[in-house]
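Comments concern the structure below.
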Amino acid sequence: MYLSYYGLKIKPFQLKPDPSFFFSSKGHKRAMAYLEYGLSQEDGFIIVTGEVGAGKTTLMRHLFKRLEKDQFIAAQLVNTHLEADDILRMVAAAFGLPHLNATKATLLLEIEQFLRQSDKQGKRVLLLVDEAQNLSTSALEELRMLSNFQTDDKLLLQTFLLGQPEFRKTLLGNSMQQLRQRVIATYHLGPLDAAETKSYIEHRLVTAGWSGDPLIRDDAFDAIYSFSGGIPRKINTLCDRLLIMGCLEELHTIDQQEVNEVIQDIQQEFDLPVNTDLGADGLNTHTV
């Protein structure tokens, strides 16, 4: 809708993680340094935590995009409401291995053979597990056990765990001691500050082909930061709606007033109507 109006090539504020829009904030630079260090060690688990929408998945995809394709095999798990046997099936499926109706022993054998064959081909195998806070203790233990597959001098699988802040509490549990001993790098990704929020928005706009239209005033950036708290996903949601509004109202300048109007619209959409005419069971007693 607004792409042609503002002369943009692609949507600048899409919600799906896209490494081409990667923004290197102070926190993201530090997180990337930890990831690169962990990757260079060819060992154990690497953990990144952060609030919902902080940019963890985009960070990882940016890292994977830079890997030499002929040297790495990488797979991602996104459905993590899983128990022990299911996590093994998902790992097998992620690497394209037989998994339907397979026993645990068969799954482990298939995974081990795949890892050893990949090593013989000179390829490292990486597993990215998103939303790790949803994993059960038994599923985490199965992932830890997969790290036991090794040659005389190195592990055959390196695992990245991405999770929300509560995942850190899970790792501190008594049953997680062995997993903690396998963690070689960990980082908590915080929100952007006010200056980074402005730079982030401008970076995404420029990447999408922005040439200054619409002009976004400083008070608009301040309002966006105040609402979003510096969380990239919240910034994207608000800014996408701002551009839609700007297009519909034929605006070429966006200031605090427009931002506040869009924020109000968003808040109203998620406000549930208050129904005071309820029966004792909590159901509406009106009839039609």
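Convention: chains lettered A, B, ... in structure tokens order; per-chain residue numbering from 1; ligands numbered from 1 as shown.
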Contacts of region 112-129 of chain A at 9 Å (only C-alpha atoms; same-chain gap of 6+ positions) as a VMD selection string | chain A and resid 42 60 70 to 80 91 94 to 95 97 146 149 to 151 156 to 163
Output N, CA and C atoms of each residue in that selection to a file, as a PDB file, in the first residue's frame.
ATOM      1  N   GLU A  42      34.059 -24.437  18.611  1.00  0.00           N
ATOM      2  CA  GLU A  42      33.568 -25.726  18.097  1.00  0.00           C
ATOM      3  C   GLU A  42      33.180 -26.669  19.238  1.00  0.00           C
ATOM      4  N   MET A  60      20.785 -14.493  15.107  1.00  0.00           N
ATOM      5  CA  MET A  60      21.296 -15.805  14.722  1.00  0.00           C
ATOM      6  C   MET A  60      21.288 -15.981  13.207  1.00  0.00           C
ATOM      7  N   ASP A  70      29.674 -24.406   2.359  1.00  0.00           N
ATOM      8  CA  ASP A  70      30.283 -25.712   2.129  1.00  0.00           C
ATOM      9  C   ASP A  70      30.992 -26.245   3.376  1.00  0.00           C
ATOM     10  N   GLN A  71      30.967 -25.459   4.467  1.00  0.00           N
ATOM     11  CA  GLN A  71      31.644 -25.891   5.681  1.00  0.00           C
ATOM     12  C   GLN A  71      30.691 -26.163   6.849  1.00  0.00           C
ATOM     13  N   PHE A  72      29.429 -25.755   6.705  1.00  0.00           N
ATOM     14  CA  PHE A  72      28.481 -25.879   7.805  1.00  0.00           C
ATOM     15  C   PHE A  72      27.154 -26.465   7.318  1.00  0.00           C
ATOM     16  N   ILE A  73      26.518 -27.207   8.200  1.00  0.00           N
ATOM     17  CA  ILE A  73      25.135 -27.640   8.022  1.00  0.00           C
ATOM     18  C   ILE A  73      24.376 -27.117   9.234  1.00  0.00           C
ATOM     19  N   ALA A  74      23.394 -26.250   9.000  1.00  0.00           N
ATOM     20  CA  ALA A  74      22.662 -25.629  10.107  1.00  0.00           C
ATOM     21  C   ALA A  74      21.172 -25.915   9.969  1.00  0.00           C
ATOM     22  N   ALA A  75      20.529 -26.195  11.098  1.00  0.00           N
ATOM     23  CA  ALA A  75      19.097 -26.435  11.120  1.00  0.00           C
ATOM     24  C   ALA A  75      18.495 -25.705  12.315  1.00  0.00           C
ATOM     25  N   GLN A  76      17.194 -25.411  12.230  1.00  0.00           N
ATOM     26  CA  GLN A  76      16.528 -24.646  13.278  1.00  0.00           C
ATOM     27  C   GLN A  76      15.269 -25.359  13.753  1.00  0.00           C
ATOM     28  N   LEU A  77      15.050 -25.350  15.071  1.00  0.00           N
ATOM     29  CA  LEU A  77      13.803 -25.817  15.669  1.00  0.00           C
ATOM     30  C   LEU A  77      13.044 -24.609  16.192  1.00  0.00           C
ATOM     31  N   VAL A  78      11.777 -24.487  15.826  1.00  0.00           N
ATOM     32  CA  VAL A  78      10.973 -23.369  16.315  1.00  0.00           C
ATOM     33  C   VAL A  78       9.811 -23.829  17.183  1.00  0.00           C
ATOM     34  N   ASN A  79       9.391 -25.072  17.036  1.00  0.00           N
ATOM     35  CA  ASN A  79       8.318 -25.625  17.866  1.00  0.00           C
ATOM     36  C   ASN A  79       8.960 -26.357  19.034  1.00  0.00           C
ATOM     37  N   THR A  80       8.890 -25.765  20.225  1.00  0.00           N
ATOM     38  CA  THR A  80       9.645 -26.314  21.352  1.00  0.00           C
ATOM     39  C   THR A  80       8.771 -26.772  22.514  1.00  0.00           C
ATOM     40  N   VAL A  91      14.665 -32.921  15.865  1.00  0.00           N
ATOM     41  CA  VAL A  91      16.056 -32.757  15.446  1.00  0.00           C
ATOM     42  C   VAL A  91      16.319 -33.568  14.182  1.00  0.00           C
ATOM     43  N   ALA A  94      14.634 -31.932  11.261  1.00  0.00           N
ATOM     44  CA  ALA A  94      15.298 -30.687  10.865  1.00  0.00           C
ATOM     45  C   ALA A  94      16.492 -30.948   9.957  1.00  0.00           C
ATOM     46  N   PHE A  95      17.147 -32.083  10.153  1.00  0.00           N
ATOM     47  CA  PHE A  95      18.304 -32.424   9.317  1.00  0.00           C
ATOM     48  C   PHE A  95      17.932 -33.363   8.175  1.00  0.00           C
ATOM     49  N   LEU A  97      16.376 -36.317   8.270  1.00  0.00           N
ATOM     50  CA  LEU A  97      16.596 -37.732   8.561  1.00  0.00           C
ATOM     51  C   LEU A  97      15.268 -38.452   8.782  1.00  0.00           C
ATOM     52  N   LEU A 146      22.908 -35.273  23.199  1.00  0.00           N
ATOM     53  CA  LEU A 146      23.376 -35.244  21.811  1.00  0.00           C
ATOM     54  C   LEU A 146      24.793 -34.672  21.721  1.00  0.00           C
ATOM     55  N   PHE A 149      28.005 -36.997  21.367  1.00  0.00           N
ATOM     56  CA  PHE A 149      28.531 -37.535  20.118  1.00  0.00           C
ATOM     57  C   PHE A 149      29.782 -36.745  19.739  1.00  0.00           C
ATOM     58  N   GLN A 150      30.921 -37.412  19.686  1.00  0.00           N
ATOM     59  CA  GLN A 150      32.171 -36.722  19.440  1.00  0.00           C
ATOM     60  C   GLN A 150      33.213 -37.658  18.851  1.00  0.00           C
ATOM     61  N   THR A 151      34.241 -37.058  18.287  1.00  0.00           N
ATOM     62  CA  THR A 151      35.418 -37.807  17.858  1.00  0.00           C
ATOM     63  C   THR A 151      36.441 -37.740  18.993  1.00  0.00           C
ATOM     64  N   LEU A 156      30.609 -33.302  17.766  1.00  0.00           N
ATOM     65  CA  LEU A 156      30.067 -33.369  16.412  1.00  0.00           C
ATOM     66  C   LEU A 156      28.858 -32.459  16.210  1.00  0.00           C
ATOM     67  N   LEU A 157      28.326 -31.906  17.310  1.00  0.00           N
ATOM     68  CA  LEU A 157      27.147 -31.041  17.203  1.00  0.00           C
ATOM     69  C   LEU A 157      27.312 -29.867  18.158  1.00  0.00           C
ATOM     70  N   GLN A 158      27.106 -28.679  17.632  1.00  0.00           N
ATOM     71  CA  GLN A 158      27.108 -27.485  18.472  1.00  0.00           C
ATOM     72  C   GLN A 158      25.703 -26.899  18.455  1.00  0.00           C
ATOM     73  N   THR A 159      25.186 -26.548  19.642  1.00  0.00           N
ATOM     74  CA  THR A 159      23.792 -26.140  19.774  1.00  0.00           C
ATOM     75  C   THR A 159      23.681 -24.722  20.299  1.00  0.00           C
ATOM     76  N   PHE A 160      22.813 -23.944  19.656  1.00  0.00           N
ATOM     77  CA  PHE A 160      22.498 -22.582  20.085  1.00  0.00           C
ATOM     78  C   PHE A 160      21.093 -22.585  20.680  1.00  0.00           C
ATOM     79  N   LEU A 161      20.950 -22.083  21.884  1.00  0.00           N
ATOM     80  CA  LEU A 161      19.654 -22.013  22.554  1.00  0.00           C
ATOM     81  C   LEU A 161      19.234 -20.552  22.686  1.00  0.00           C
ATOM     82  N   LEU A 162      18.098 -20.200  22.091  1.00  0.00           N
ATOM     83  CA  LEU A 162      17.561 -18.847  22.195  1.00  0.00           C
ATOM     84  C   LEU A 162      16.316 -18.894  23.068  1.00  0.00           C
ATOM     85  N   GLY A 163      16.244 -18.017  24.053  1.00  0.00           N
ATOM     86  CA  GLY A 163      15.087 -18.066  24.940  1.00  0.00           C
ATOM     87  C   GLY A 163      14.766 -16.724  25.557  1.00  0.00           C
TER      88      GLY A 163
END
Could you give me, as a ChimeraX atom specification, the residues within 9 Å of Lys56 (chain A), counting only C-alpha atoms and dropping anything in the same chain fewer than 2 positions from it?
-> /A:17,28,48-54,58-61,130,162-163,189
Excluding Pro232 (chain A) and residues on its chain fewer than 5 positions from it, collect all residues at most 12 Å away from it, counting only C-alpha atoms, and give them as a PyMOL selection string.
-> chain A and resi 13-17+21-23+25+28+50-59+189-194+196-201+204+224-225+227+237-239
For the residues in the current selection, export N, CA and C atoms as an mmCIF file, in the first residue's frame.
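As written to disk, part-v2.cif reads:
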data_model
loop_
_atom_site.group_PDB
_atom_site.id
_atom_site.type_symbol
_atom_site.label_atom_id
_atom_site.label_comp_id
_atom_site.auth_asym_id
_atom_site.auth_seq_id
_atom_site.Cartn_x
_atom_site.Cartn_y
_atom_site.Cartn_z
ATOM 1 N N PHE A 13 9.453 -2.568 7.747
ATOM 2 C CA PHE A 13 9.156 -2.961 9.127
ATOM 3 C C PHE A 13 8.374 -4.260 9.212
ATOM 4 N N GLN A 14 8.734 -5.208 8.372
ATOM 5 C CA GLN A 14 8.103 -6.519 8.437
ATOM 6 C C GLN A 14 8.482 -7.197 9.751
ATOM 7 N N LEU A 15 7.584 -8.056 10.238
ATOM 8 C CA LEU A 15 7.792 -8.672 11.542
ATOM 9 C C LEU A 15 8.677 -9.912 11.484
ATOM 10 N N LYS A 16 8.729 -10.579 10.337
ATOM 11 C CA LYS A 16 9.533 -11.801 10.271
ATOM 12 C C LYS A 16 11.023 -11.457 10.344
ATOM 13 N N PRO A 17 11.802 -12.286 11.036
ATOM 14 C CA PRO A 17 13.251 -12.020 11.142
ATOM 15 C C PRO A 17 13.906 -12.053 9.763
ATOM 16 N N PHE A 21 18.121 -6.937 7.247
ATOM 17 C CA PHE A 21 17.805 -5.729 7.998
ATOM 18 C C PHE A 21 18.571 -5.666 9.320
ATOM 19 N N PHE A 22 19.549 -6.532 9.493
ATOM 20 C CA PHE A 22 20.258 -6.596 10.775
ATOM 21 C C PHE A 22 20.839 -5.236 11.143
ATOM 22 N N PHE A 23 20.561 -4.825 12.392
ATOM 23 C CA PHE A 23 21.042 -3.551 12.903
ATOM 24 C C PHE A 23 22.033 -3.814 14.027
ATOM 25 N N SER A 25 23.417 -2.724 16.926
ATOM 26 C CA SER A 25 23.422 -1.886 18.126
ATOM 27 C C SER A 25 24.585 -2.311 19.021
ATOM 28 N N HIS A 28 23.764 -5.762 20.208
ATOM 29 C CA HIS A 28 23.871 -6.752 19.143
ATOM 30 C C HIS A 28 25.335 -7.018 18.771
ATOM 31 N N GLY A 50 16.673 -12.941 25.828
ATOM 32 C CA GLY A 50 16.211 -11.577 25.603
ATOM 33 C C GLY A 50 14.693 -11.548 25.630
ATOM 34 N N GLU A 51 14.138 -10.362 25.768
ATOM 35 C CA GLU A 51 12.690 -10.210 25.774
ATOM 36 C C GLU A 51 12.097 -10.624 24.429
ATOM 37 N N VAL A 52 10.797 -10.878 24.434
ATOM 38 C CA VAL A 52 10.085 -11.178 23.188
ATOM 39 C C VAL A 52 10.297 -10.011 22.210
ATOM 40 N N GLY A 53 10.750 -10.333 21.016
ATOM 41 C CA GLY A 53 10.927 -9.301 19.995
ATOM 42 C C GLY A 53 12.213 -8.517 20.092
ATOM 43 N N ALA A 54 13.167 -8.982 20.918
ATOM 44 C CA ALA A 54 14.418 -8.239 21.090
ATOM 45 C C ALA A 54 15.373 -8.409 19.912
ATOM 46 N N GLY A 55 15.122 -9.392 19.055
ATOM 47 C CA GLY A 55 15.969 -9.576 17.874
ATOM 48 C C GLY A 55 16.899 -10.770 17.949
ATOM 49 N N LYS A 56 16.577 -11.747 18.798
ATOM 50 C CA LYS A 56 17.454 -12.916 18.970
ATOM 51 C C LYS A 56 17.545 -13.739 17.693
ATOM 52 N N THR A 57 16.403 -14.020 17.083
ATOM 53 C CA THR A 57 16.391 -14.861 15.886
ATOM 54 C C THR A 57 17.074 -14.152 14.711
ATOM 55 N N THR A 58 16.820 -12.853 14.572
ATOM 56 C CA THR A 58 17.483 -12.086 13.511
ATOM 57 C C THR A 58 18.993 -12.113 13.704
ATOM 58 N N LEU A 59 19.427 -12.003 14.952
ATOM 59 C CA LEU A 59 20.855 -12.064 15.274
ATOM 60 C C LEU A 59 21.459 -13.377 14.793
ATOM 61 N N LEU A 189 20.374 -10.259 25.573
ATOM 62 C CA LEU A 189 20.182 -9.172 24.624
ATOM 63 C C LEU A 189 19.119 -8.214 25.150
ATOM 64 N N GLY A 190 19.533 -7.002 25.514
ATOM 65 C CA GLY A 190 18.606 -6.014 26.045
ATOM 66 C C GLY A 190 17.983 -5.156 24.959
ATOM 67 N N PRO A 191 17.107 -4.229 25.334
ATOM 68 C CA PRO A 191 16.458 -3.346 24.358
ATOM 69 C C PRO A 191 17.404 -2.269 23.846
ATOM 70 N N LEU A 192 17.007 -1.592 22.786
ATOM 71 C CA LEU A 192 17.741 -0.454 22.254
ATOM 72 C C LEU A 192 17.517 0.761 23.146
ATOM 73 N N ASP A 193 18.483 1.670 23.192
ATOM 74 C CA ASP A 193 18.238 2.918 23.894
ATOM 75 C C ASP A 193 17.581 3.910 22.925
ATOM 76 N N ALA A 194 17.335 5.135 23.390
ATOM 77 C CA ALA A 194 16.592 6.099 22.572
ATOM 78 C C ALA A 194 17.335 6.442 21.281
ATOM 79 N N GLU A 196 19.620 4.639 19.745
ATOM 80 C CA GLU A 196 19.664 3.459 18.874
ATOM 81 C C GLU A 196 18.314 3.212 18.222
ATOM 82 N N THR A 197 17.231 3.538 18.927
ATOM 83 C CA THR A 197 15.905 3.368 18.342
ATOM 84 C C THR A 197 15.758 4.230 17.094
ATOM 85 N N LYS A 198 16.200 5.474 17.178
ATOM 86 C CA LYS A 198 16.151 6.353 16.004
ATOM 87 C C LYS A 198 17.022 5.794 14.877
ATOM 88 N N SER A 199 18.231 5.396 15.214
ATOM 89 C CA SER A 199 19.148 4.858 14.197
ATOM 90 C C SER A 199 18.599 3.571 13.588
ATOM 91 N N TYR A 200 17.962 2.741 14.415
ATOM 92 C CA TYR A 200 17.373 1.481 13.942
ATOM 93 C C TYR A 200 16.277 1.758 12.909
ATOM 94 N N ILE A 201 15.407 2.706 13.220
ATOM 95 C CA ILE A 201 14.310 3.040 12.301
ATOM 96 C C ILE A 201 14.865 3.567 10.983
ATOM 97 N N ARG A 204 16.481 0.752 8.860
ATOM 98 C CA ARG A 204 15.519 -0.108 8.149
ATOM 99 C C ARG A 204 14.890 0.636 6.971
ATOM 100 N N ILE A 224 7.968 7.117 19.709
ATOM 101 C CA ILE A 224 8.109 5.704 19.325
ATOM 102 C C ILE A 224 8.918 4.953 20.380
ATOM 103 N N TYR A 225 10.000 5.558 20.832
ATOM 104 C CA TYR A 225 10.825 4.911 21.863
ATOM 105 C C TYR A 225 10.049 4.743 23.162
ATOM 106 N N PHE A 227 6.899 4.361 23.625
ATOM 107 C CA PHE A 227 5.893 3.296 23.514
ATOM 108 C C PHE A 227 6.530 1.919 23.427
ATOM 109 N N THR A 237 6.122 -2.908 14.567
ATOM 110 C CA THR A 237 4.658 -2.881 14.521
ATOM 111 C C THR A 237 4.144 -1.450 14.448
ATOM 112 N N LEU A 238 4.676 -0.590 15.299
ATOM 113 C CA LEU A 238 4.228 0.799 15.333
ATOM 114 C C LEU A 238 4.597 1.541 14.054
ATOM 115 N N CYS A 239 5.821 1.377 13.589
ATOM 116 C CA CYS A 239 6.264 2.113 12.402
ATOM 117 C C CYS A 239 5.539 1.664 11.134
#
Can you pull out every residue within 7 Å of region 243-247 of chain A, counting only C-alpha atoms, but drop anything in the same chain fewer than 3 positions away, and send it as a ChimeraX atom specification?
-> /A:2,5,239-240,250-251
Can I get the selected residues back with C-alpha atoms, as a PDB file, in the first residue's frame?
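Result went into out.pdb, see below:
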ATOM      1  CA  TYR A   2       2.547   2.599   1.117  1.00  0.00           C
ATOM      2  CA  TYR A   5       3.610   6.209  -2.236  1.00  0.00           C
ATOM      3  CA  CYS A 239       6.264   2.113  12.402  1.00  0.00           C
ATOM      4  CA  ASP A 240       4.457  -0.100   9.893  1.00  0.00           C
ATOM      5  CA  GLU A 250      -1.130  11.682   2.310  1.00  0.00           C
ATOM      6  CA  LEU A 251       1.422  12.794   4.876  1.00  0.00           C
TER       7      LEU A 251
END
Apply DSSP to the backbone of this structure and, from region 24-244 of chain A, keep only the residues in helix (DSSP H, G or I); write these as an MDAnalysis selection string.
-> chainID A and resid 26:41 56:65 84:94 104:120 132:134 137:146 166:171 174:181 194:207 218:228 232:244
With C-alpha atoms retained, export the selected residues as a compact mmCIF listing (two decimals), in the first residue's frame.
# COMPACT_ATOMS: atom_id res chain seq x y z
CA LYS A 26 25.85 -1.95 21.06
CA GLY A 27 24.04 -4.96 22.48
CA HIS A 28 23.87 -6.75 19.14
CA LYS A 29 27.59 -6.17 18.55
CA ARG A 30 28.43 -7.70 21.91
CA ALA A 31 26.06 -10.60 21.37
CA MET A 32 27.60 -11.26 17.94
CA ALA A 33 31.07 -11.23 19.48
CA TYR A 34 29.99 -13.88 22.00
CA LEU A 35 28.38 -15.96 19.25
CA GLU A 36 31.46 -15.77 17.05
CA TYR A 37 33.67 -16.72 19.98
CA GLY A 38 31.46 -19.68 20.81
CA LEU A 39 31.40 -20.75 17.18
CA SER A 40 35.19 -20.60 16.98
CA GLN A 41 35.47 -22.97 19.95
CA LYS A 56 17.45 -12.92 18.97
CA THR A 57 16.39 -14.86 15.89
CA THR A 58 17.48 -12.09 13.51
CA LEU A 59 20.86 -12.06 15.27
CA MET A 60 21.30 -15.81 14.72
CA ARG A 61 20.18 -15.67 11.11
CA HIS A 62 22.68 -12.87 10.50
CA LEU A 63 25.41 -15.10 11.94
CA PHE A 64 24.33 -18.12 9.87
CA LYS A 65 24.14 -16.01 6.72
CA ALA A 84 12.16 -35.90 25.26
CA ASP A 85 11.25 -38.29 22.42
CA ASP A 86 9.59 -35.53 20.42
CA ILE A 87 12.68 -33.32 20.55
CA LEU A 88 14.74 -36.11 19.01
CA ARG A 89 12.19 -36.51 16.22
CA MET A 90 12.25 -32.78 15.55
CA VAL A 91 16.06 -32.76 15.45
CA ALA A 92 16.05 -35.67 13.01
CA ALA A 93 13.40 -33.99 10.86
CA ALA A 94 15.30 -30.69 10.86
CA LYS A 104 14.36 -43.47 20.43
CA ALA A 105 17.23 -45.86 19.76
CA THR A 106 16.69 -45.57 16.00
CA LEU A 107 16.53 -41.78 16.18
CA LEU A 108 19.78 -41.59 18.12
CA LEU A 109 21.46 -43.95 15.68
CA GLU A 110 20.28 -41.93 12.67
CA ILE A 111 21.46 -38.67 14.23
CA GLU A 112 24.85 -40.09 15.21
CA GLN A 113 25.45 -41.54 11.75
CA PHE A 114 24.50 -38.20 10.19
CA LEU A 115 26.88 -36.29 12.47
CA ARG A 116 29.78 -38.64 11.79
CA GLN A 117 29.19 -38.62 8.04
CA SER A 118 29.07 -34.81 8.05
CA ASP A 119 32.35 -34.71 9.97
CA LYS A 120 33.98 -37.01 7.41
CA ALA A 132 14.08 -22.60 24.47
CA GLN A 133 12.12 -21.49 27.55
CA ASN A 134 9.33 -23.82 26.40
CA THR A 137 13.68 -30.55 31.53
CA SER A 138 13.70 -33.96 29.84
CA ALA A 139 13.92 -32.37 26.38
CA LEU A 140 16.87 -30.23 27.47
CA GLU A 141 18.53 -33.34 28.83
CA GLU A 142 18.14 -35.07 25.46
CA LEU A 143 19.78 -32.10 23.75
CA ARG A 144 22.63 -32.30 26.24
CA MET A 145 23.03 -36.00 25.53
CA LEU A 146 23.38 -35.24 21.81
CA GLU A 166 12.86 -16.95 32.22
CA PHE A 167 15.05 -19.52 30.47
CA ARG A 168 17.95 -18.27 32.58
CA LYS A 169 16.04 -19.37 35.68
CA THR A 170 15.53 -22.82 34.14
CA LEU A 171 19.27 -23.15 33.61
CA ASN A 174 19.57 -28.27 40.18
CA SER A 175 18.84 -30.67 37.31
CA MET A 176 20.62 -28.39 34.82
CA GLN A 177 24.10 -28.63 36.32
CA GLN A 178 25.47 -30.91 33.59
CA LEU A 179 24.03 -28.70 30.86
CA ARG A 180 25.50 -25.57 32.47
CA GLN A 181 28.91 -27.23 32.38
CA ALA A 194 16.59 6.10 22.57
CA ALA A 195 19.42 7.03 20.19
CA GLU A 196 19.66 3.46 18.87
CA THR A 197 15.91 3.37 18.34
CA LYS A 198 16.15 6.35 16.00
CA SER A 199 19.15 4.86 14.20
CA TYR A 200 17.37 1.48 13.94
CA ILE A 201 14.31 3.04 12.30
CA GLU A 202 16.41 5.04 9.85
CA HIS A 203 18.55 1.99 9.07
CA ARG A 204 15.52 -0.11 8.15
CA LEU A 205 14.04 2.69 6.07
CA VAL A 206 17.28 3.25 4.16
CA THR A 207 17.65 -0.49 3.58
CA ASP A 218 12.62 14.04 16.52
CA ASP A 219 9.53 14.21 18.73
CA ALA A 220 8.09 11.30 16.71
CA PHE A 221 11.19 9.22 17.40
CA ASP A 222 10.88 10.06 21.10
CA ALA A 223 7.25 8.92 21.14
CA ILE A 224 8.11 5.70 19.33
CA TYR A 225 10.82 4.91 21.86
CA SER A 226 8.54 5.71 24.79
CA PHE A 227 5.89 3.30 23.51
CA SER A 228 8.18 0.50 22.36
CA PRO A 232 12.59 -4.00 17.85
CA ARG A 233 9.38 -5.95 17.23
CA LYS A 234 7.28 -3.27 18.94
CA ILE A 235 9.10 -0.61 16.94
CA ASN A 236 8.35 -2.49 13.71
CA THR A 237 4.66 -2.88 14.52
CA LEU A 238 4.23 0.80 15.33
CA CYS A 239 6.26 2.11 12.40
CA ASP A 240 4.46 -0.10 9.89
CA ARG A 241 1.15 1.31 11.11
CA LEU A 242 2.58 4.84 10.93
CA LEU A 243 3.46 4.41 7.26
CA ILE A 244 0.01 3.02 6.49
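CA of Thr186 (chain A) is positioned 23.2 Å from CA of Gly229 (chain A).
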